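Have a look at start_28.cif below; it lists mmCIF, C-alpha atoms and all ligand atoms; chains and numbers go by the auth columns.
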```cif
data_input
loop_
_atom_site.group_PDB
_atom_site.id
_atom_site.type_symbol
_atom_site.label_atom_id
_atom_site.label_comp_id
_atom_site.label_asym_id
_atom_site.label_seq_id
_atom_site.Cartn_x
_atom_site.Cartn_y
_atom_site.Cartn_z
_atom_site.B_iso_or_equiv
_atom_site.auth_seq_id
_atom_site.auth_asym_id
ATOM 1 C CA MET A 1 0.000 0.000 0.000 0.00 19 A
ATOM 2 C CA THR A 2 1.366 3.437 -0.869 0.00 20 A
ATOM 3 C CA ASP A 3 1.432 6.174 1.756 0.00 21 A
ATOM 4 C CA ARG A 4 -1.331 7.955 -0.064 0.00 22 A
ATOM 5 C CA SER A 5 -3.757 5.028 -0.154 0.00 23 A
ATOM 6 C CA SER A 6 -3.090 4.068 3.473 0.00 24 A
ATOM 7 C CA ASP A 7 -3.765 7.702 4.343 0.00 25 A
ATOM 8 C CA THR A 8 -7.116 7.544 2.517 0.00 26 A
ATOM 9 C CA ALA A 9 -7.992 4.259 4.246 0.00 27 A
ATOM 10 C CA GLU A 10 -7.210 5.852 7.618 0.00 28 A
ATOM 11 C CA ARG A 11 -9.366 8.872 6.845 0.00 29 A
ATOM 12 C CA LYS A 12 -12.261 6.620 5.766 0.00 30 A
ATOM 13 C CA MET A 13 -11.999 4.742 9.091 0.00 31 A
ATOM 14 C CA GLN A 14 -12.166 8.019 10.962 0.00 32 A
ATOM 15 C CA PHE A 15 -15.121 9.055 8.818 0.00 33 A
ATOM 16 C CA LEU A 16 -17.083 5.954 9.889 0.00 34 A
ATOM 17 C CA PHE A 17 -16.018 6.407 13.489 0.00 35 A
ATOM 18 C CA ALA A 18 -17.283 10.022 13.451 0.00 36 A
ATOM 19 C CA LEU A 19 -20.641 8.848 12.082 0.00 37 A
ATOM 20 C CA ARG A 20 -21.053 6.300 14.871 0.00 38 A
ATOM 21 C CA SER A 21 -19.970 8.685 17.593 0.00 39 A
ATOM 22 C CA ARG A 22 -22.537 11.252 16.376 0.00 40 A
ATOM 23 C CA GLY A 23 -25.419 8.789 16.625 0.00 41 A
ATOM 24 C CA VAL A 24 -25.543 6.950 13.296 0.00 42 A
ATOM 25 C CA THR A 25 -25.921 3.395 14.587 0.00 43 A
ATOM 26 C CA ASP A 26 -28.209 1.710 12.030 0.00 44 A
ATOM 27 C CA LYS A 27 -26.161 -1.047 10.421 0.00 45 A
ATOM 28 C CA ARG A 28 -27.680 -0.744 6.946 0.00 46 A
ATOM 29 C CA VAL A 29 -27.160 3.021 6.908 0.00 47 A
ATOM 30 C CA LEU A 30 -23.523 2.643 8.001 0.00 48 A
ATOM 31 C CA GLU A 31 -22.931 -0.015 5.331 0.00 49 A
ATOM 32 C CA ALA A 32 -24.404 2.232 2.636 0.00 50 A
ATOM 33 C CA MET A 33 -22.249 5.134 3.814 0.00 51 A
ATOM 34 C CA GLU A 34 -19.191 2.914 3.740 0.00 52 A
ATOM 35 C CA LYS A 35 -19.968 1.868 0.156 0.00 53 A
ATOM 36 C CA ILE A 36 -20.704 5.317 -1.289 0.00 54 A
ATOM 37 C CA ASP A 37 -17.441 7.252 -1.468 0.00 55 A
ATOM 38 C CA ARG A 38 -18.122 10.951 -0.718 0.00 56 A
ATOM 39 C CA ALA A 39 -15.047 12.115 -2.681 0.00 57 A
ATOM 40 C CA PRO A 40 -16.561 12.114 -6.218 0.00 58 A
ATOM 41 C CA PHE A 41 -19.497 14.196 -4.942 0.00 59 A
ATOM 42 C CA VAL A 42 -17.161 16.922 -3.666 0.00 60 A
ATOM 43 C CA ARG A 43 -15.506 18.449 -6.703 0.00 61 A
ATOM 44 C CA GLY A 44 -12.423 20.612 -7.055 0.00 62 A
ATOM 45 C CA TYR A 45 -10.675 22.434 -4.248 0.00 63 A
ATOM 46 C CA PHE A 46 -12.656 20.989 -1.343 0.00 64 A
ATOM 47 C CA SER A 47 -12.302 17.341 -2.391 0.00 65 A
ATOM 48 C CA ALA A 48 -9.310 16.991 -0.042 0.00 66 A
ATOM 49 C CA ARG A 49 -11.799 17.399 2.821 0.00 67 A
ATOM 50 C CA ALA A 50 -14.313 14.836 1.543 0.00 68 A
ATOM 51 C CA TYR A 51 -13.934 12.616 4.634 0.00 69 A
ATOM 52 C CA ASP A 52 -14.297 15.405 7.186 0.00 70 A
ATOM 53 C CA ASP A 53 -17.620 15.421 9.021 0.00 71 A
ATOM 54 C CA THR A 54 -18.480 18.872 7.740 0.00 72 A
ATOM 55 C CA PRO A 55 -20.700 20.437 5.070 0.00 73 A
ATOM 56 C CA LEU A 56 -18.735 21.686 2.028 0.00 74 A
ATOM 57 C CA PRO A 57 -19.472 24.124 -0.819 0.00 75 A
ATOM 58 C CA ILE A 58 -20.644 22.733 -4.182 0.00 76 A
ATOM 59 C CA ALA A 59 -21.685 24.461 -7.440 0.00 77 A
ATOM 60 C CA CYS A 60 -24.533 27.028 -7.646 0.00 78 A
ATOM 61 C CA GLY A 61 -23.754 28.394 -4.159 0.00 79 A
ATOM 62 C CA GLN A 62 -25.145 25.238 -2.486 0.00 80 A
ATOM 63 C CA THR A 63 -23.629 22.789 0.009 0.00 81 A
ATOM 64 C CA ILE A 64 -23.173 19.048 0.360 0.00 82 A
ATOM 65 C CA SER A 65 -24.550 18.248 3.816 0.00 83 A
ATOM 66 C CA GLN A 66 -22.506 17.125 6.806 0.00 84 A
ATOM 67 C CA PRO A 67 -22.128 13.309 6.618 0.00 85 A
ATOM 68 C CA SER A 68 -23.379 12.677 10.167 0.00 86 A
ATOM 69 C CA VAL A 69 -26.527 14.706 9.360 0.00 87 A
ATOM 70 C CA VAL A 70 -26.986 12.688 6.146 0.00 88 A
ATOM 71 C CA GLY A 71 -26.675 9.546 8.303 0.00 89 A
ATOM 72 C CA MET A 72 -29.116 10.754 10.969 0.00 90 A
ATOM 73 C CA MET A 73 -31.708 11.782 8.358 0.00 91 A
ATOM 74 C CA THR A 74 -31.370 8.484 6.482 0.00 92 A
ATOM 75 C CA GLN A 75 -31.690 6.535 9.737 0.00 93 A
ATOM 76 C CA ALA A 76 -34.759 8.566 10.780 0.00 94 A
ATOM 77 C CA LEU A 77 -36.493 7.610 7.503 0.00 95 A
ATOM 78 C CA ARG A 78 -36.537 3.885 8.466 0.00 96 A
ATOM 79 C CA ILE A 79 -36.375 2.863 4.807 0.00 97 A
ATOM 80 C CA SER A 80 -37.323 -0.648 3.784 0.00 98 A
ATOM 81 C CA PRO A 81 -35.947 -2.232 0.593 0.00 99 A
ATOM 82 C CA ARG A 82 -39.311 -1.986 -1.203 0.00 100 A
ATOM 83 C CA ASP A 83 -39.755 1.752 -0.641 0.00 101 A
ATOM 84 C CA THR A 84 -39.999 4.515 -3.205 0.00 102 A
ATOM 85 C CA VAL A 85 -38.309 7.642 -1.881 0.00 103 A
ATOM 86 C CA LEU A 86 -38.540 11.266 -2.998 0.00 104 A
ATOM 87 C CA GLU A 87 -35.683 13.638 -2.180 0.00 105 A
ATOM 88 C CA ILE A 88 -36.091 17.410 -2.529 0.00 106 A
ATOM 89 C CA GLY A 89 -32.665 19.025 -3.010 0.00 107 A
ATOM 90 C CA THR A 90 -30.359 16.782 -5.069 0.00 108 A
ATOM 91 C CA GLY A 91 -27.350 19.091 -4.581 0.00 109 A
ATOM 92 C CA SER A 92 -24.243 16.959 -5.146 0.00 110 A
ATOM 93 C CA GLY A 93 -26.277 13.730 -5.327 0.00 111 A
ATOM 94 C CA TYR A 94 -24.549 12.222 -2.267 0.00 112 A
ATOM 95 C CA GLN A 95 -27.694 11.754 -0.152 0.00 113 A
ATOM 96 C CA ALA A 96 -29.578 10.272 -3.130 0.00 114 A
ATOM 97 C CA ALA A 97 -26.743 7.805 -3.772 0.00 115 A
ATOM 98 C CA ILE A 98 -26.984 6.527 -0.194 0.00 116 A
ATOM 99 C CA LEU A 99 -30.779 6.284 -0.415 0.00 117 A
ATOM 100 C CA SER A 100 -30.437 4.286 -3.643 0.00 118 A
ATOM 101 C CA LEU A 101 -28.671 1.433 -1.813 0.00 119 A
ATOM 102 C CA LEU A 102 -31.468 1.195 0.758 0.00 120 A
ATOM 103 C CA ALA A 103 -34.641 1.730 -1.292 0.00 121 A
ATOM 104 C CA ARG A 104 -36.177 0.211 -4.415 0.00 122 A
ATOM 105 C CA ARG A 105 -36.411 3.502 -6.298 0.00 123 A
ATOM 106 C CA VAL A 106 -35.284 7.082 -5.634 0.00 124 A
ATOM 107 C CA TYR A 107 -36.618 10.254 -7.251 0.00 125 A
ATOM 108 C CA THR A 108 -34.523 13.337 -6.548 0.00 126 A
ATOM 109 C CA VAL A 109 -35.221 16.897 -7.678 0.00 127 A
ATOM 110 C CA ASP A 110 -33.342 20.181 -7.588 0.00 128 A
ATOM 111 C CA ARG A 111 -34.188 23.692 -8.769 0.00 129 A
ATOM 112 C CA HIS A 112 -30.703 24.003 -10.348 0.00 130 A
ATOM 113 C CA LYS A 113 -30.412 22.294 -13.751 0.00 131 A
ATOM 114 C CA ARG A 114 -26.633 22.167 -13.525 0.00 132 A
ATOM 115 C CA LEU A 115 -26.696 20.214 -10.250 0.00 133 A
ATOM 116 C CA VAL A 116 -29.212 17.762 -11.702 0.00 134 A
ATOM 117 C CA ARG A 117 -27.064 17.285 -14.812 0.00 135 A
ATOM 118 C CA GLU A 118 -23.840 16.709 -12.847 0.00 136 A
ATOM 119 C CA ALA A 119 -25.491 14.391 -10.319 0.00 137 A
ATOM 120 C CA SER A 120 -27.123 12.340 -13.121 0.00 138 A
ATOM 121 C CA GLU A 121 -23.699 11.876 -14.741 0.00 139 A
ATOM 122 C CA LEU A 122 -22.246 10.654 -11.460 0.00 140 A
ATOM 123 C CA PHE A 123 -25.139 8.207 -10.886 0.00 141 A
ATOM 124 C CA ARG A 124 -24.473 6.784 -14.347 0.00 142 A
ATOM 125 C CA GLU A 125 -20.720 6.470 -13.710 0.00 143 A
ATOM 126 C CA LEU A 126 -21.356 4.749 -10.379 0.00 144 A
ATOM 127 C CA ASP A 127 -23.978 2.472 -11.956 0.00 145 A
ATOM 128 C CA LEU A 128 -26.726 3.638 -9.554 0.00 146 A
ATOM 129 C CA THR A 129 -29.538 2.788 -11.949 0.00 147 A
ATOM 130 C CA ASN A 130 -32.544 3.174 -9.609 0.00 148 A
ATOM 131 C CA ILE A 131 -32.268 6.983 -9.267 0.00 149 A
ATOM 132 C CA THR A 132 -34.271 9.413 -11.408 0.00 150 A
ATOM 133 C CA CYS A 133 -33.169 13.042 -11.275 0.00 151 A
ATOM 134 C CA ARG A 134 -35.379 15.994 -12.355 0.00 152 A
ATOM 135 C CA SER A 135 -35.019 19.729 -12.353 0.00 153 A
ATOM 136 C CA VAL A 136 -38.243 21.120 -10.884 0.00 154 A
ATOM 137 C CA ASP A 137 -39.362 23.247 -7.933 0.00 155 A
ATOM 138 C CA GLY A 138 -39.566 20.575 -5.245 0.00 156 A
ATOM 139 C CA SER A 139 -41.961 22.528 -3.031 0.00 157 A
ATOM 140 C CA PHE A 140 -44.666 21.010 -5.219 0.00 158 A
ATOM 141 C CA GLY A 141 -43.213 17.508 -4.937 0.00 159 A
ATOM 142 C CA LEU A 142 -43.413 15.193 -7.937 0.00 160 A
ATOM 143 C CA PRO A 143 -47.168 14.642 -8.416 0.00 161 A
ATOM 144 C CA GLU A 144 -46.760 12.332 -11.435 0.00 162 A
ATOM 145 C CA GLN A 145 -44.862 9.749 -9.327 0.00 163 A
ATOM 146 C CA ALA A 146 -46.763 10.216 -6.033 0.00 164 A
ATOM 147 C CA PRO A 147 -47.552 8.873 -3.514 0.00 165 A
ATOM 148 C CA PHE A 148 -44.205 8.087 -1.860 0.00 166 A
ATOM 149 C CA ASP A 149 -43.313 5.759 1.023 0.00 167 A
ATOM 150 C CA ARG A 150 -40.643 8.176 2.197 0.00 168 A
ATOM 151 C CA ILE A 151 -39.828 11.846 1.529 0.00 169 A
ATOM 152 C CA ILE A 152 -36.642 13.650 2.548 0.00 170 A
ATOM 153 C CA VAL A 153 -36.155 17.386 2.173 0.00 171 A
ATOM 154 C CA THR A 154 -32.568 18.653 2.335 0.00 172 A
ATOM 155 C CA ALA A 155 -33.341 22.400 2.323 0.00 173 A
ATOM 156 C CA ALA A 156 -35.202 24.239 5.095 0.00 174 A
ATOM 157 C CA ALA A 157 -38.802 25.473 4.803 0.00 175 A
ATOM 158 C CA GLU A 158 -40.659 27.405 7.489 0.00 176 A
ATOM 159 C CA ASP A 159 -43.266 24.634 7.611 0.00 177 A
ATOM 160 C CA PRO A 160 -43.643 21.259 5.888 0.00 178 A
ATOM 161 C CA PRO A 161 -44.921 22.123 2.360 0.00 179 A
ATOM 162 C CA GLY A 162 -48.580 21.063 1.886 0.00 180 A
ATOM 163 C CA PRO A 163 -48.020 19.277 -1.463 0.00 181 A
ATOM 164 C CA LEU A 164 -45.323 17.096 0.147 0.00 182 A
ATOM 165 C CA LEU A 165 -47.621 16.108 3.018 0.00 183 A
ATOM 166 C CA ALA A 166 -50.283 15.269 0.422 0.00 184 A
ATOM 167 C CA GLN A 167 -47.854 13.073 -1.567 0.00 185 A
ATOM 168 C CA LEU A 168 -46.900 10.921 1.448 0.00 186 A
ATOM 169 C CA LYS A 169 -48.557 7.480 1.650 0.00 187 A
ATOM 170 C CA ILE A 170 -50.558 6.512 4.722 0.00 188 A
ATOM 171 C CA GLY A 171 -47.907 4.946 6.982 0.00 189 A
ATOM 172 C CA GLY A 172 -45.261 7.015 5.167 0.00 190 A
ATOM 173 C CA ILE A 173 -42.477 9.051 6.784 0.00 191 A
ATOM 174 C CA MET A 174 -41.028 12.436 5.823 0.00 192 A
ATOM 175 C CA VAL A 175 -37.858 13.902 7.346 0.00 193 A
ATOM 176 C CA LEU A 176 -37.099 17.595 6.888 0.00 194 A
ATOM 177 C CA PRO A 177 -35.507 20.664 8.483 0.00 195 A
ATOM 178 C CA VAL A 178 -37.959 23.419 9.404 0.00 196 A
ATOM 179 C CA GLY A 179 -37.350 26.971 10.595 0.00 197 A
ATOM 180 C CA GLN A 180 -36.113 30.366 9.455 0.00 198 A
ATOM 181 C CA SER A 181 -33.244 30.146 6.980 0.00 199 A
ATOM 182 C CA ASP A 182 -30.867 32.330 9.003 0.00 200 A
ATOM 183 C CA ALA A 183 -31.613 30.725 12.386 0.00 201 A
ATOM 184 C CA VAL A 184 -31.054 27.298 13.851 0.00 202 A
ATOM 185 C CA GLN A 185 -33.614 24.955 12.417 0.00 203 A
ATOM 186 C CA SER A 186 -35.098 21.714 13.737 0.00 204 A
ATOM 187 C CA LEU A 187 -34.951 18.418 11.980 0.00 205 A
ATOM 188 C CA ILE A 188 -38.401 16.868 12.230 0.00 206 A
ATOM 189 C CA ARG A 189 -39.982 13.547 11.314 0.00 207 A
ATOM 190 C CA VAL A 190 -43.566 13.527 10.081 0.00 208 A
ATOM 191 C CA THR A 191 -45.453 10.220 10.084 0.00 209 A
ATOM 192 C CA ARG A 192 -48.735 9.952 8.216 0.00 210 A
ATOM 193 C CA HIS A 193 -51.591 7.955 9.779 0.00 211 A
ATOM 194 C CA GLU A 194 -55.114 7.172 8.538 0.00 212 A
ATOM 195 C CA THR A 195 -56.436 10.234 10.297 0.00 213 A
ATOM 196 C CA GLY A 196 -53.573 12.735 10.299 0.00 214 A
ATOM 197 C CA PHE A 197 -49.878 13.380 10.955 0.00 215 A
ATOM 198 C CA ASP A 198 -47.529 12.875 13.939 0.00 216 A
ATOM 199 C CA TYR A 199 -44.556 15.202 14.361 0.00 217 A
ATOM 200 C CA ASP A 200 -41.289 14.345 16.207 0.00 218 A
ATOM 201 C CA GLU A 201 -38.498 16.810 16.745 0.00 219 A
ATOM 202 C CA LEU A 202 -35.114 15.099 16.212 0.00 220 A
ATOM 203 C CA MET A 203 -32.202 17.560 16.491 0.00 221 A
ATOM 204 C CA PRO A 204 -31.078 21.120 15.711 0.00 222 A
ATOM 205 C CA VAL A 205 -29.601 21.529 12.192 0.00 223 A
ATOM 206 C CA ARG A 206 -28.687 24.233 9.698 0.00 224 A
ATOM 207 C CA PHE A 207 -29.600 23.915 6.013 0.00 225 A
ATOM 208 C CA VAL A 208 -29.761 26.236 3.001 0.00 226 A
ATOM 209 C CA PRO A 209 -33.317 27.533 2.420 0.00 227 A
ATOM 210 C CA LEU A 210 -35.951 25.877 0.251 0.00 228 A
ATOM 211 C CA LEU A 211 -36.447 28.538 -2.439 0.00 229 A
ATOM 212 C CA GLU A 212 -39.291 29.060 -4.873 0.00 230 A
ATOM 213 C CA GLY A 213 -39.028 28.549 -8.621 0.00 231 A
ATOM 214 C CA LEU A 214 -36.146 27.291 -10.763 0.00 232 A
ATOM 215 C CA GLY A 215 -32.586 28.546 -10.227 0.00 233 A
ATOM 216 C CA ARG A 216 -30.641 30.791 -12.564 0.00 234 A
ATOM 217 C CA ASP A 217 -27.711 28.545 -13.404 0.00 235 A
ATOM 218 C CA GLU A 218 -24.363 30.148 -13.753 0.00 236 A
ATOM 219 C CA GLY A 219 -22.009 27.938 -15.752 0.00 237 A
HETATM 220 N N1 LIG B . -28.884 16.579 -0.559 0.00 301 A
HETATM 221 C C1 LIG B . -27.773 17.361 -1.082 0.00 301 A
HETATM 222 C C2 LIG B . -27.541 18.674 -0.359 0.00 301 A
HETATM 223 C C3 LIG B . -28.589 19.624 -0.717 0.00 301 A
HETATM 224 S S1 LIG B . -28.279 21.342 -0.505 0.00 301 A
HETATM 225 C C4 LIG B . -26.507 16.535 -1.127 0.00 301 A
HETATM 226 O O1 LIG B . -26.530 15.358 -0.725 0.00 301 A
HETATM 227 O O2 LIG B . -25.496 17.058 -1.611 0.00 301 A
HETATM 228 C C5 LIG B . -29.936 21.859 -0.810 0.00 301 A
HETATM 229 C C6 LIG B . -30.380 21.782 -2.245 0.00 301 A
HETATM 230 O O3 LIG B . -31.751 22.127 -2.268 0.00 301 A
HETATM 231 C C7 LIG B . -29.668 22.778 -3.156 0.00 301 A
HETATM 232 O O4 LIG B . -29.012 22.099 -4.193 0.00 301 A
HETATM 233 C C8 LIG B . -30.796 23.666 -3.675 0.00 301 A
HETATM 234 O O5 LIG B . -30.631 24.032 -5.035 0.00 301 A
HETATM 235 C C9 LIG B . -31.998 22.777 -3.493 0.00 301 A
HETATM 236 N N2 LIG B . -33.290 23.478 -3.404 0.00 301 A
HETATM 237 C C10 LIG B . -33.613 24.572 -2.695 0.00 301 A
HETATM 238 N N3 LIG B . -34.901 24.897 -2.887 0.00 301 A
HETATM 239 C C11 LIG B . -35.430 23.969 -3.749 0.00 301 A
HETATM 240 C C12 LIG B . -36.705 23.762 -4.338 0.00 301 A
HETATM 241 N N4 LIG B . -37.751 24.554 -4.102 0.00 301 A
HETATM 242 N N5 LIG B . -36.852 22.700 -5.162 0.00 301 A
HETATM 243 C C13 LIG B . -35.824 21.864 -5.446 0.00 301 A
HETATM 244 N N6 LIG B . -34.582 22.014 -4.913 0.00 301 A
HETATM 245 C C14 LIG B . -34.390 23.059 -4.075 0.00 301 A
#
```
The structure in this file should be written as structure tokens.
Amino acid sequence: MTDRSSDTAERKMQFLFALRSRGVTDKRVLEAMEKIDRAPFVRGYFSARAYDDTPLPIACGQTISQPSVVGMMTQALRISPRDTVLEIGTGSGYQAAILSLLARRVYTVDRHKRLVREASELFRELDLTNITCRSVDGSFGLPEQAPFDRIIVTAAAEDPPGPLLAQLKIGGIMVLPVGQSDAVQSLIRVTRHETGFDYDELMPVRFVPLLEGLGRDEG
């Protein structure tokens, strides 16, 4: 083993250790996060920090989320292998890639066309064939594929968007950050029952805001 590859192996070990120590204990989630290398999702200058447990900048002024938060959100979704999952906020595609190992089918949408294009290319290169990526305003969900077993939102809204609640199956779970964009937000889990919704507060988080409309893509 060269110095460089043993260094990478060491950093990957620390990455998994950080996940566990921050509460990601679900075995299937940890296995998926071990399999999906974060490095290709972090392009350019910041790729050297791919295995740090920290959010990092990506194109279009967005961020790839902190790995332990990705782990906690994935764990909170309680995905079963037959589930169809909708993700709002494709960003780098990292969260969707992890979901794709746990679910039957993943739909992921982003308001930036460029992010959708780059993430789709990566999914193809990594042979993740059960992910469909679209560029739409995710506040309205994806009505043509609804209802979903699970929905994950990776940008913060003040309240859970009505169309997303409506597109959740009975028995379905949605995990999302809610709160003002410039303040600390709460990660919540919404579970749909026959007669309504249950809300659990999970942890404080900080996400970029869920914005209306499609993005103006620079470059
Ligand atoms: N899940 C991503 C991180 C997402 S960052 C990852 O794993 O890398 C949040 C993303 O939400 C950004 O890419 C932003 O463009 C997107 N976003 C914000 N508002 C949106 C909306 N209304 N519809 C779709 N995507 C939105």
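Of the listed residues (A:Thr209, A:Ser138, A:Gln198, A:Gln163), A:Thr209 comes nearest to Ala94 of chain A; the distances count all atoms listed in the file.
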Please identify all polymer residues within 9 Å of Lys131 of chain A, counting all atoms listed in the file, omitting same-chain residues fewer than 5 positions from it, and present them as a count of residues only.
8
Enumerate as a count of residues only the residues within 8 Å of ligand LIG 301 (chain A), counting all atoms listed in the file.
42
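Neighbours of Glu219 of chain A closer than or equal to 7 Å, with only C-alpha atoms counted and sequence neighbours fewer than 2 positions away skipped, come out as A:Ser204, A:Leu205, A:Ile206, A:Arg207, A:Tyr217, A:Met221.
Nearest residue to Ala36 of chain A among A:Pro85, A:Ser23, A:Ser98, A:Gly62 is A:Pro85, counting only C-alpha atoms.
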Between atom CA of Val124 of chain A and atom CA of Asp44 of chain A, what distance in Å does the model show, to one decimal?
19.8 Å
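Using only C-alpha atoms, the smallest distance between any of A:Pro179, A:Gly89, A:Gly190, A:Gly197 and Phe33 of chain A comes from A:Gly89.
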Please evaluate the PyMOL selection byres (((chain A and resi 84) around 6) and not hetatm) against the displayed coordinates and give the resulting residues as a PDB file with C-alpha atoms, in the coordinates of the input.
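Heads up, here's the output in result_37.pdb:
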```
ATOM      1  CA  ASP A  71     -17.620  15.421   9.021  1.00  0.00           C
ATOM      2  CA  THR A  72     -18.480  18.872   7.740  1.00  0.00           C
ATOM      3  CA  PRO A  73     -20.700  20.437   5.070  1.00  0.00           C
ATOM      4  CA  SER A  83     -24.550  18.248   3.816  1.00  0.00           C
ATOM      5  CA  PRO A  85     -22.128  13.309   6.618  1.00  0.00           C
ATOM      6  CA  SER A  86     -23.379  12.677  10.167  1.00  0.00           C
ATOM      7  CA  VAL A  87     -26.527  14.706   9.360  1.00  0.00           C
TER       8      VAL A  87
END
```
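Of the residues listed (A:Pro58, A:Pro75, A:Gly41, A:Gly180), A:Gly41 shows the shortest atom-to-atom separation from Met90 of chain A; distances use all atoms listed in the file.
We find atom CA of Asp216 of chain A and atom CA of Met192 of chain A to be spaced 10.4 Å apart.
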For segment 99-104 of chain A, I'd like the enclosing box, axis-aligned and padded by 6 Å on every side, reported as lines of an AutoDock Vina configuration file with centre and edge lengths in Å to one decimal.
```
center_x = -38.0
center_y = 4.5
center_z = -1.3
size_x = 16.1
size_y = 25.5
size_z = 15.8
```
Taking all heavy atoms as the atom set, what does segment 100-106 of chain A look like once completed, written as a PDB file, in the frame of the given file?
```pdb
ATOM      1  N   ARG A 100     -38.298  -2.117  -0.145  1.00  0.00           N
ATOM      2  CA  ARG A 100     -39.311  -1.986  -1.203  1.00  0.00           C
ATOM      3  C   ARG A 100     -39.813  -0.565  -1.378  1.00  0.00           C
ATOM      4  O   ARG A 100     -40.703  -0.301  -2.186  1.00  0.00           O
ATOM      5  CB  ARG A 100     -40.488  -2.921  -0.893  1.00  0.00           C
ATOM      6  CG  ARG A 100     -40.098  -4.356  -1.219  1.00  0.00           C
ATOM      7  CD  ARG A 100     -40.895  -5.355  -0.480  1.00  0.00           C
ATOM      8  NE  ARG A 100     -42.322  -5.205  -0.732  1.00  0.00           N
ATOM      9  CZ  ARG A 100     -43.236  -6.040  -0.252  1.00  0.00           C
ATOM     10  NH1 ARG A 100     -42.850  -7.072   0.492  1.00  0.00           N
ATOM     11  NH2 ARG A 100     -44.497  -5.860  -0.495  1.00  0.00           N
ATOM     12  N   ASP A 101     -39.223   0.380  -0.629  1.00  0.00           N
ATOM     13  CA  ASP A 101     -39.755   1.752  -0.641  1.00  0.00           C
ATOM     14  C   ASP A 101     -39.370   2.570  -1.872  1.00  0.00           C
ATOM     15  O   ASP A 101     -38.276   2.417  -2.430  1.00  0.00           O
ATOM     16  CB  ASP A 101     -39.249   2.520   0.597  1.00  0.00           C
ATOM     17  CG  ASP A 101     -39.952   2.079   1.869  1.00  0.00           C
ATOM     18  OD1 ASP A 101     -40.983   1.384   1.767  1.00  0.00           O
ATOM     19  OD2 ASP A 101     -39.459   2.427   2.963  1.00  0.00           O
ATOM     20  N   THR A 102     -40.287   3.468  -2.221  1.00  0.00           N
ATOM     21  CA  THR A 102     -39.999   4.515  -3.205  1.00  0.00           C
ATOM     22  C   THR A 102     -39.815   5.809  -2.427  1.00  0.00           C
ATOM     23  O   THR A 102     -40.671   6.182  -1.613  1.00  0.00           O
ATOM     24  CB  THR A 102     -41.171   4.656  -4.188  1.00  0.00           C
ATOM     25  OG1 THR A 102     -41.286   3.434  -4.899  1.00  0.00           O
ATOM     26  CG2 THR A 102     -40.927   5.773  -5.189  1.00  0.00           C
ATOM     27  N   VAL A 103     -38.669   6.462  -2.669  1.00  0.00           N
ATOM     28  CA  VAL A 103     -38.309   7.642  -1.881  1.00  0.00           C
ATOM     29  C   VAL A 103     -38.216   8.864  -2.789  1.00  0.00           C
ATOM     30  O   VAL A 103     -37.682   8.773  -3.899  1.00  0.00           O
ATOM     31  CB  VAL A 103     -36.926   7.420  -1.202  1.00  0.00           C
ATOM     32  CG1 VAL A 103     -36.566   8.606  -0.308  1.00  0.00           C
ATOM     33  CG2 VAL A 103     -36.894   6.138  -0.387  1.00  0.00           C
ATOM     34  N   LEU A 104     -38.711   9.982  -2.302  1.00  0.00           N
ATOM     35  CA  LEU A 104     -38.540  11.266  -2.998  1.00  0.00           C
ATOM     36  C   LEU A 104     -37.598  12.137  -2.176  1.00  0.00           C
ATOM     37  O   LEU A 104     -37.814  12.311  -0.972  1.00  0.00           O
ATOM     38  CB  LEU A 104     -39.896  11.975  -3.145  1.00  0.00           C
ATOM     39  CG  LEU A 104     -39.833  13.426  -3.673  1.00  0.00           C
ATOM     40  CD1 LEU A 104     -39.335  13.474  -5.122  1.00  0.00           C
ATOM     41  CD2 LEU A 104     -41.202  14.102  -3.567  1.00  0.00           C
ATOM     42  N   GLU A 105     -36.561  12.666  -2.841  1.00  0.00           N
ATOM     43  CA  GLU A 105     -35.683  13.638  -2.180  1.00  0.00           C
ATOM     44  C   GLU A 105     -35.862  15.006  -2.840  1.00  0.00           C
ATOM     45  O   GLU A 105     -35.789  15.122  -4.064  1.00  0.00           O
ATOM     46  CB  GLU A 105     -34.207  13.239  -2.308  1.00  0.00           C
ATOM     47  CG  GLU A 105     -33.306  14.273  -1.611  1.00  0.00           C
ATOM     48  CD  GLU A 105     -31.814  14.174  -1.947  1.00  0.00           C
ATOM     49  OE1 GLU A 105     -31.477  13.673  -3.038  1.00  0.00           O
ATOM     50  OE2 GLU A 105     -31.000  14.593  -1.121  1.00  0.00           O
ATOM     51  N   ILE A 106     -36.065  16.037  -2.021  1.00  0.00           N
ATOM     52  CA  ILE A 106     -36.091  17.410  -2.529  1.00  0.00           C
ATOM     53  C   ILE A 106     -34.733  18.019  -2.204  1.00  0.00           C
ATOM     54  O   ILE A 106     -34.357  18.116  -1.031  1.00  0.00           O
ATOM     55  CB  ILE A 106     -37.204  18.260  -1.853  1.00  0.00           C
ATOM     56  CG1 ILE A 106     -38.564  17.534  -1.856  1.00  0.00           C
ATOM     57  CG2 ILE A 106     -37.289  19.639  -2.506  1.00  0.00           C
ATOM     58  CD1 ILE A 106     -39.111  17.192  -3.199  1.00  0.00           C
TER      59      ILE A 106
END
```
